[in-house]
$ cat work_24.pdb   # PDB, C-alpha atoms
ATOM      1  CA  MET P   1     -12.380 -14.583  -4.110
ATOM      2  CA  VAL P   2     -12.867 -11.147  -5.622
ATOM      3  CA  LEU P   3     -10.948  -8.914  -7.991
ATOM      4  CA  LEU P   4     -10.601  -5.327  -6.792
ATOM      5  CA  SER P   5      -9.731  -3.275  -9.853
ATOM      6  CA  THR P   6      -8.749   0.378 -10.076
ATOM      7  CA  SER P   7      -9.422   1.917 -13.453
ATOM      8  CA  ARG P   8      -8.113   5.473 -13.249
ATOM      9  CA  TRP P   9      -8.623   8.874 -11.740
ATOM     10  CA  ASP P  10      -7.736  12.345 -12.940
ATOM     11  CA  ASP P  11      -4.057  12.051 -12.007
ATOM     12  CA  TYR P  12      -3.488   8.366 -12.826
ATOM     13  CA  ALA P  13      -4.044   5.905 -15.664
ATOM     14  CA  LEU P  14      -2.589   2.561 -16.740
ATOM     15  CA  LEU P  15      -2.152   3.384 -20.420
ATOM     16  CA  ASP P  16      -0.721   0.114 -21.730
ATOM     17  CA  SER P  17       1.024  -3.073 -20.610
ATOM     18  CA  GLY P  18       2.907  -5.988 -22.106
ATOM     19  CA  ASP P  19       6.320  -7.450 -22.924
ATOM     20  CA  GLY P  20       7.151  -7.309 -19.217
ATOM     21  CA  TYR P  21       6.413  -3.584 -18.760
ATOM     22  CA  ARG P  22       3.585  -1.247 -17.816
ATOM     23  CA  LEU P  23       2.973   2.260 -19.145
ATOM     24  CA  GLU P  24       1.416   4.658 -16.619
ATOM     25  CA  ARG P  25       0.542   8.305 -16.269
ATOM     26  CA  PHE P  26       1.066   9.964 -12.898
ATOM     27  CA  GLY P  27      -0.126  13.542 -13.137
ATOM     28  CA  LYS P  28       1.372  14.976 -16.297
ATOM     29  CA  TYR P  29       4.259  12.494 -16.508
ATOM     30  CA  VAL P  30       4.223   9.158 -18.337
ATOM     31  CA  LEU P  31       6.433   6.395 -16.931
ATOM     32  CA  SER P  32       7.439   2.948 -18.133
ATOM     33  CA  ARG P  33       8.585   0.364 -15.601
ATOM     34  CA  PRO P  34       8.992  -3.428 -15.447
ATOM     35  CA  ASP P  35       6.163  -5.694 -14.362
ATOM     36  CA  PRO P  36       6.723  -9.485 -14.379
ATOM     37  CA  GLN P  37       2.965 -10.116 -14.669
ATOM     38  CA  ALA P  38       2.633  -8.319 -18.016
ATOM     39  CA  ILE P  39       3.899 -11.092 -20.303
ATOM     40  CA  TRP P  40       1.229 -10.535 -22.988
ATOM     41  CA  LYS P  41       1.514  -8.293 -26.030
ATOM     42  CA  PRO P  42       1.149  -4.540 -25.504
ATOM     43  CA  HIS P  43      -1.598  -2.678 -27.330
ATOM     44  CA  THR P  44       0.992  -0.360 -28.863
ATOM     45  CA  PRO P  45       4.532  -1.664 -29.597
ATOM     46  CA  MET P  46       6.897  -0.632 -26.805
ATOM     47  CA  GLN P  47       9.203   1.208 -29.185
ATOM     48  CA  ASP P  48       6.314   3.579 -29.899
ATOM     49  CA  TRP P  49       5.579   4.356 -26.236
ATOM     50  CA  LYS P  50       6.108   8.050 -25.546
ATOM     51  CA  VAL P  51       7.543   8.342 -22.040
ATOM     52  CA  ASP P  52       9.046  10.974 -19.779
ATOM     53  CA  ALA P  53      10.961   8.364 -17.756
ATOM     54  CA  ARG P  54      11.779   4.680 -18.195
ATOM     55  CA  PHE P  55      13.071   2.290 -15.537
ATOM     56  CA  GLN P  56      15.956   0.132 -16.705
ATOM     57  CA  LYS P  57      16.511  -2.910 -14.525
ATOM     58  CA  THR P  58      20.107  -3.739 -13.615
ATOM     59  CA  GLN P  59      20.053  -6.422 -10.890
ATOM     60  CA  ASP P  60      17.484  -8.002  -8.599
ATOM     61  CA  ASP P  61      14.847  -5.328  -7.931
ATOM     62  CA  LYS P  62      17.194  -2.423  -8.462
ATOM     63  CA  GLY P  63      17.841  -0.382 -11.551
ATOM     64  CA  ARG P  64      18.022   3.161 -12.826
ATOM     65  CA  TRP P  65      15.648   5.626 -14.382
ATOM     66  CA  ILE P  66      16.363   7.096 -17.780
ATOM     67  CA  HIS P  67      14.447  10.335 -18.105
ATOM     68  CA  LYS P  68      14.257  13.643 -19.875
ATOM     69  CA  ASN P  69      16.684  16.329 -18.728
ATOM     70  CA  ASP P  70      13.917  18.530 -17.343
ATOM     71  CA  PHE P  71      12.259  15.731 -15.349
ATOM     72  CA  PRO P  72      11.671  16.997 -11.776
ATOM     73  CA  GLY P  73      13.148  15.507  -8.634
ATOM     74  CA  LYS P  74       9.609  15.269  -7.270
ATOM     75  CA  TRP P  75       6.099  16.183  -8.362
ATOM     76  CA  LEU P  76       2.559  16.233  -6.964
ATOM     77  CA  VAL P  77      -0.605  14.266  -7.720
ATOM     78  CA  ARG P  78      -4.103  14.570  -6.281
ATOM     79  CA  CYS P  79      -5.991  11.527  -5.041
ATOM     80  CA  MET P  80      -9.197  11.306  -2.954
ATOM     81  CA  GLY P  81      -8.659  14.747  -1.494
ATOM     82  CA  LEU P  82      -4.976  14.166  -0.762
ATOM     83  CA  THR P  83      -1.968  15.827  -2.345
ATOM     84  CA  LEU P  84       0.846  13.275  -2.614
ATOM     85  CA  VAL P  85       4.520  13.770  -3.380
ATOM     86  CA  LEU P  86       5.967  11.396  -5.974
ATOM     87  CA  ARG P  87       9.582  10.768  -6.949
ATOM     88  CA  LEU P  88      11.563   8.155  -8.852
ATOM     89  CA  THR P  89      13.250   5.538  -6.632
ATOM     90  CA  PRO P  90      15.977   2.931  -7.360
ATOM     91  CA  PHE P  91      13.402   0.187  -6.761
ATOM     92  CA  LYS P  92      11.095   1.364  -9.626
ATOM     93  CA  HIS P  93       8.461   2.675  -7.202
ATOM     94  CA  VAL P  94       7.226   6.276  -7.134
ATOM     95  CA  GLY P  95       5.599   6.537  -3.684
ATOM     96  CA  ILE P  96       2.046   5.403  -4.383
ATOM     97  CA  PHE P  97       0.433   2.079  -5.301
ATOM     98  CA  PRO P  98      -2.676   3.096  -7.313
ATOM     99  CA  GLU P  99      -4.431  -0.240  -6.762
ATOM    100  CA  GLN P 100      -4.640   0.527  -3.026
ATOM    101  CA  ILE P 101      -7.368   3.087  -3.683
ATOM    102  CA  GLN P 102      -9.905   0.273  -3.530
ATOM    103  CA  HIS P 103      -8.957  -0.332   0.110
ATOM    104  CA  TRP P 104      -8.839   3.389   0.861
ATOM    105  CA  SER P 105     -12.414   3.865  -0.399
ATOM    106  CA  TRP P 106     -13.641   0.797   1.513
ATOM    107  CA  MET P 107     -11.993   2.007   4.720
ATOM    108  CA  GLN P 108     -13.252   5.557   4.226
ATOM    109  CA  ASP P 109     -16.841   4.335   3.870
ATOM    110  CA  ILE P 110     -16.567   2.364   7.130
ATOM    111  CA  LEU P 111     -15.076   5.287   9.045
ATOM    112  CA  LYS P 112     -17.738   7.707   7.827
ATOM    113  CA  GLY P 113     -20.342   5.619   9.607
ATOM    114  CA  VAL P 114     -18.512   5.618  12.942
ATOM    115  CA  SER P 115     -19.029   8.166  15.709
ATOM    116  CA  GLY P 116     -16.128   9.362  17.821
ATOM    117  CA  GLN P 117     -12.483   8.979  16.887
ATOM    118  CA  PRO P 118     -11.505   5.333  16.234
ATOM    119  CA  ARG P 119      -7.893   4.289  16.808
ATOM    120  CA  LEU P 120      -6.137   2.701  13.843
ATOM    121  CA  LEU P 121      -2.728   1.103  13.353
ATOM    122  CA  ASN P 122      -0.985   1.146   9.964
ATOM    123  CA  LEU P 123       1.954  -1.284   9.911
ATOM    124  CA  PHE P 124       4.604  -1.123   7.156
ATOM    125  CA  GLY P 125       2.924   2.195   6.355
ATOM    126  CA  TYR P 126       5.463   3.425   3.727
ATOM    127  CA  THR P 127       4.541   6.924   2.448
ATOM    128  CA  GLY P 128       1.219   6.867   4.259
ATOM    129  CA  GLY P 129      -1.660   7.217   1.818
ATOM    130  CA  ALA P 130      -3.858   4.896   3.901
ATOM    131  CA  THR P 131      -2.915   6.733   7.097
ATOM    132  CA  LEU P 132      -3.861  10.091   5.619
ATOM    133  CA  ILE P 133      -7.170   8.820   4.235
ATOM    134  CA  ALA P 134      -8.027   7.437   7.684
ATOM    135  CA  ALA P 135      -7.008  10.646   9.464
ATOM    136  CA  GLN P 136      -8.988  12.692   6.958
ATOM    137  CA  ALA P 137     -12.033  10.537   7.802
ATOM    138  CA  GLY P 138     -11.678  11.285  11.531
ATOM    139  CA  ALA P 139      -9.507   8.460  12.846
ATOM    140  CA  GLN P 140      -6.585   8.687  15.231
ATOM    141  CA  VAL P 141      -3.783   6.799  13.497
ATOM    142  CA  THR P 142      -0.484   5.237  14.543
ATOM    143  CA  HIS P 143       1.701   5.121  11.449
ATOM    144  CA  LEU P 144       4.625   2.676  11.665
ATOM    145  CA  ASP P 145       7.461   1.875   9.299
ATOM    146  CA  ALA P 146      11.033   0.686   9.824
ATOM    147  CA  SER P 147      12.423   3.132   7.254
ATOM    148  CA  LYS P 148      13.382   6.668   8.276
ATOM    149  CA  PRO P 149      13.371   7.882   4.636
ATOM    150  CA  ALA P 150       9.808   6.541   4.261
ATOM    151  CA  MET P 151       8.799   8.510   7.347
ATOM    152  CA  THR P 152      10.346  11.681   5.935
ATOM    153  CA  TRP P 153       8.354  11.103   2.756
ATOM    154  CA  PHE P 154       5.205  10.527   4.804
ATOM    155  CA  ARG P 155       5.670  13.878   6.549
ATOM    156  CA  GLU P 156       5.943  15.529   3.116
ATOM    157  CA  ASN P 157       2.623  13.948   2.101
ATOM    158  CA  GLN P 158       1.022  14.959   5.381
ATOM    159  CA  ALA P 159       2.099  18.581   4.941
ATOM    160  CA  ALA P 160       1.191  18.709   1.237
ATOM    161  CA  SER P 161      -2.284  17.360   2.063
ATOM    162  CA  GLY P 162      -2.842  19.953   4.781
ATOM    163  CA  LEU P 163      -3.192  17.295   7.493
ATOM    164  CA  ALA P 164      -0.314  18.287   9.780
ATOM    165  CA  ASP P 165      -2.764  19.013  12.602
ATOM    166  CA  LYS P 166      -4.409  15.577  12.517
ATOM    167  CA  PRO P 167      -3.840  13.114  15.396
ATOM    168  CA  ILE P 168      -1.201  10.917  13.770
ATOM    169  CA  ARG P 169       1.467   9.190  15.826
ATOM    170  CA  ILE P 170       4.592   8.423  13.752
ATOM    171  CA  ILE P 171       6.755   5.473  14.837
ATOM    172  CA  VAL P 172       9.995   4.166  13.306
ATOM    173  CA  ASP P 173      10.193   0.601  14.613
ATOM    174  CA  ASP P 174      10.082  -3.104  13.894
ATOM    175  CA  ALA P 175       6.460  -4.264  13.528
ATOM    176  CA  LEU P 176       6.811  -7.388  15.665
ATOM    177  CA  LYS P 177       8.642  -5.644  18.500
ATOM    178  CA  PHE P 178       6.237  -2.713  18.471
ATOM    179  CA  THR P 179       3.109  -4.885  18.634
ATOM    180  CA  GLU P 180       4.657  -6.943  21.440
ATOM    181  CA  ARG P 181       5.188  -3.762  23.450
ATOM    182  CA  GLU P 182       1.647  -2.620  22.703
ATOM    183  CA  ILE P 183       0.354  -5.896  24.153
ATOM    184  CA  LYS P 184       2.288  -5.259  27.380
ATOM    185  CA  ARG P 185       1.003  -1.675  27.521
ATOM    186  CA  GLY P 186      -2.576  -2.807  27.019
ATOM    187  CA  THR P 187      -3.042  -0.546  23.980
ATOM    188  CA  LYS P 188      -6.035  -1.340  21.780
ATOM    189  CA  TYR P 189      -6.864  -0.452  18.184
ATOM    190  CA  ASP P 190     -10.198  -0.437  16.369
ATOM    191  CA  GLY P 191      -8.679  -1.198  12.982
ATOM    192  CA  ILE P 192      -5.392  -2.500  11.584
ATOM    193  CA  ILE P 193      -3.909  -2.063   8.120
ATOM    194  CA  MET P 194      -0.702  -3.713   6.952
ATOM    195  CA  ASP P 195       1.385  -4.289   3.853
ATOM    196  CA  PRO P 196       4.121  -6.712   4.977
ATOM    197  CA  PRO P 197       6.999  -7.377   2.578
ATOM    198  CA  VAL P 198       8.420 -10.786   1.729
ATOM    199  CA  TYR P 199      11.698  -9.826   3.390
ATOM    200  CA  GLY P 200      12.711  -6.714   5.275
ATOM    201  CA  HIS P 201      14.834  -5.194   8.007
ATOM    202  CA  GLY P 202      13.924  -3.287  11.132
ATOM    203  CA  PRO P 203      15.673  -0.064  12.187
ATOM    204  CA  LYS P 204      18.006  -2.017  14.491
ATOM    205  CA  GLY P 205      18.850  -4.794  12.070
ATOM    206  CA  GLU P 206      15.849  -7.001  12.836
ATOM    207  CA  VAL P 207      15.119  -9.429   9.992
ATOM    208  CA  TRP P 208      11.560  -9.866   8.720
ATOM    209  CA  ASN P 209      10.635 -13.066   6.867
ATOM    210  CA  PHE P 210       7.007 -13.248   5.759
ATOM    211  CA  SER P 211       6.593 -17.026   5.948
ATOM    212  CA  ARG P 212       8.168 -17.204   9.397
ATOM    213  CA  ASP P 213       6.920 -13.992  11.005
ATOM    214  CA  PHE P 214       3.497 -13.253   9.541
ATOM    215  CA  PRO P 215       1.530 -15.709  11.748
ATOM    216  CA  LYS P 216       3.205 -14.277  14.869
ATOM    217  CA  LEU P 217       2.315 -10.755  13.769
ATOM    218  CA  MET P 218      -1.300 -11.842  13.292
ATOM    219  CA  ASP P 219      -1.315 -13.254  16.813
ATOM    220  CA  ASN P 220       0.013  -9.969  18.181
ATOM    221  CA  CYS P 221      -2.538  -7.944  16.208
ATOM    222  CA  ARG P 222      -5.441 -10.000  17.520
ATOM    223  CA  LYS P 223      -4.308  -9.243  21.077
ATOM    224  CA  ILE P 224      -4.261  -5.477  20.485
ATOM    225  CA  LEU P 225      -7.607  -5.330  18.689
ATOM    226  CA  SER P 226     -10.376  -3.615  20.635
ATOM    227  CA  ASP P 227     -13.584  -5.275  21.816
ATOM    228  CA  ARG P 228     -15.555  -3.618  19.011
ATOM    229  CA  PRO P 229     -13.187  -3.616  16.033
ATOM    230  CA  LEU P 230     -14.002  -2.141  12.643
ATOM    231  CA  PHE P 231     -11.712  -3.880  10.155
ATOM    232  CA  VAL P 232      -8.416  -5.594   9.375
ATOM    233  CA  ILE P 233      -6.719  -5.235   5.981
ATOM    234  CA  VAL P 234      -3.691  -7.239   4.820
ATOM    235  CA  ASN P 235      -1.976  -6.676   1.473
ATOM    236  CA  ALA P 236       0.884  -8.750   0.101
ATOM    237  CA  TYR P 237       3.127  -8.285  -2.900
ATOM    238  CA  ALA P 238       5.610 -10.711  -4.473
ATOM    239  CA  VAL P 239       4.744 -13.576  -2.126
ATOM    240  CA  SER P 240       4.598 -17.022  -3.717
ATOM    241  CA  MET P 241       1.231 -17.692  -2.085
ATOM    242  CA  SER P 242      -2.417 -17.086  -2.880
ATOM    243  CA  SER P 243      -4.957 -14.795  -1.274
ATOM    244  CA  VAL P 244      -6.628 -17.943   0.093
ATOM    245  CA  MET P 245      -3.560 -18.360   2.319
ATOM    246  CA  LEU P 246      -3.981 -14.822   3.668
ATOM    247  CA  LYS P 247      -7.655 -15.399   4.344
ATOM    248  CA  ASN P 248      -6.961 -18.727   6.084
ATOM    249  CA  ILE P 249      -4.468 -17.089   8.437
ATOM    250  CA  LEU P 250      -6.834 -14.200   9.158
ATOM    251  CA  GLU P 251      -9.520 -16.732   9.990
ATOM    252  CA  ASP P 252      -7.098 -18.535  12.323
ATOM    253  CA  TYR P 253      -6.568 -15.425  14.431
ATOM    254  CA  PHE P 254      -9.719 -13.360  13.887
ATOM    255  CA  GLY P 255     -12.267 -16.110  13.276
ATOM    256  CA  ASP P 256     -13.883 -15.571  16.679
ATOM    257  CA  LEU P 257     -15.118 -12.166  15.524
ATOM    258  CA  GLU P 258     -18.501 -11.588  13.957
ATOM    259  CA  GLY P 259     -18.265 -10.247  10.462
ATOM    260  CA  GLU P 260     -17.148 -11.256   6.995
ATOM    261  CA  PHE P 261     -13.799 -12.271   5.518
ATOM    262  CA  GLU P 262     -12.897 -11.468   1.944
ATOM    263  CA  ASP P 263      -9.857 -12.260  -0.176
ATOM    264  CA  GLY P 264      -8.706 -11.774  -3.735
ATOM    265  CA  GLU P 265      -6.415  -9.880  -6.054
ATOM    266  CA  LEU P 266      -5.682  -6.212  -6.490
ATOM    267  CA  ALA P 267      -5.535  -5.125 -10.113
ATOM    268  CA  LEU P 268      -5.245  -2.133 -12.401
ATOM    269  CA  GLU P 269      -7.526  -1.767 -15.408
ATOM    270  CA  GLU P 270      -5.807  -0.765 -18.621
ATOM    271  CA  LYS P 271      -7.315   2.344 -20.182
ATOM    272  CA  THR P 272      -7.394   1.194 -23.815
ATOM    273  CA  ARG P 273      -8.264  -2.512 -23.705
ATOM    274  CA  HIS P 274      -9.752  -2.650 -20.185
ATOM    275  CA  ARG P 275      -7.373  -5.551 -19.571
ATOM    276  CA  MET P 276      -6.623  -6.338 -15.929
ATOM    277  CA  LEU P 277      -3.076  -6.248 -14.583
ATOM    278  CA  SER P 278      -2.813  -8.124 -11.283
ATOM    279  CA  THR P 279      -0.490  -6.380  -8.836
ATOM    280  CA  GLY P 280      -0.911  -8.160  -5.500
ATOM    281  CA  ILE P 281      -3.169 -10.132  -3.187
ATOM    282  CA  PHE P 282      -5.212  -9.180  -0.145
ATOM    283  CA  ALA P 283      -7.458 -10.453   2.607
ATOM    284  CA  ARG P 284      -9.624  -8.346   4.874
ATOM    285  CA  TRP P 285     -12.280  -8.570   7.568
ATOM    286  CA  ARG P 286     -15.043  -6.257   8.678
TER     287      ARG P 286
END

$ encode --input "work_24.pdb" --output "structure tokens"
Amino acid sequence: MVLLSTSRWDDYALLDSGDGYRLERFGKYVLSRPDPQAIWKPHTPMQDWKVDARFQKTQDDKGRWIHKNDFPGKWLVRCMGLTLVLRLTPFKHVGIFPEQIQHWSWMQDILKGVSGQPRLLNLFGYTGGATLIAAQAGAQVTHLDASKPAMTWFRENQAASGLADKPIRIIVDDALKFTEREIKRGTKYDGIIMDPPVYGHGPKGEVWNFSRDFPKLMDNCRKILSDRPLFVIVNAYAVSMSSVMLKNILEDYFGDLEGEFEDGELALEEKTRHRMLSTGIFARWR
């Protein structure tokens, strides 16, 4: 098991964490939002945190942002050559998961060493940072998500990053149904990225349940992987399982391939104390 930690870049930093919250800077704006992992003491008492916006939880995962009057409806950050659009959402997210940069760099390094134009599939692609990094590195990418608003946001990121001319196929669909159709069509991909939720809904009311559906999705993905694949990346958030579970399932379906499996936690490194804040788990193969 490994710990993949993201410290910071010019437009992002984890400034502090504790008492169930994290303090982050995205571009020039400082945000405070809940994090159930951060049960330790913050470096600076929360009442002294200077923020531009604070997420106040109301029920389940929803809540509302309390922010300054001049806080913008959206703003831009730069990351690994991309320009990404951020905005405050009712689910405390802002459109980017900074810890994913570790995967983006790993994937970028692999793609740089490949000739031609590999075909990649990004399932549960959300606002598309991974898709854009892959396209920027020369890949032909199919970007899939069940949410139309997420796809609209992705198109904003694509345009802002100057990648509108890249070979990206955008699909609003259910991941299981789409991969089943790709099997019938005989479509093959050289790499697969996914970030499946615990629960979710497809565009036609399909119900996704991680424990029930994830093994089937892995089976489908193995069948659409090319004869000379490059990598498979699986991220998971808020699942009551360990990264060992993800690795075991990857080995079940991709164990016939030569290469190495790796699993562990994704984390953010706090700027002041260099303390690690775990944000999710992953498993990957190359």

$ closest_residue --input "work_24.pdb" --among "P:Glu265, P:Ile101, P:Gly113, P:Ala53" --to "Val244 in chain P" --atoms "only C-alpha atoms"
P:Glu265

$ atom_distance --input "work_24.pdb" --atom1 "CA of Gly129 in chain P" --atom2 "CA of Lys28 in chain P"
19.9 Å

$ resolve_selection --input "work_24.pdb" --expression "the PyMOL selection byres ((chain P and resi 163-167) around 7)" --output "PyMOL selection string"
chain P and resi 135+140-141+158-159+161-162+168-169

$ residues_around --input "work_24.pdb" --residues "Lys188 in chain P" --least-positions-apart "2" --cutoff "8 Å" --atoms "all atoms listed in the file" --output "VMD selection string"
chain P and resid 119 182 186 190 224 to 226

$ resolve_selection --input "work_24.pdb" --expression "the PyMOL selection byres ((chain P and resi 66) around 6)" --output "count of residues only"
4

$ atom_distance --input "work_24.pdb" --atom1 "CA of Lys204 in chain P" --atom2 "CA of His143 in chain P"
18.1 Å
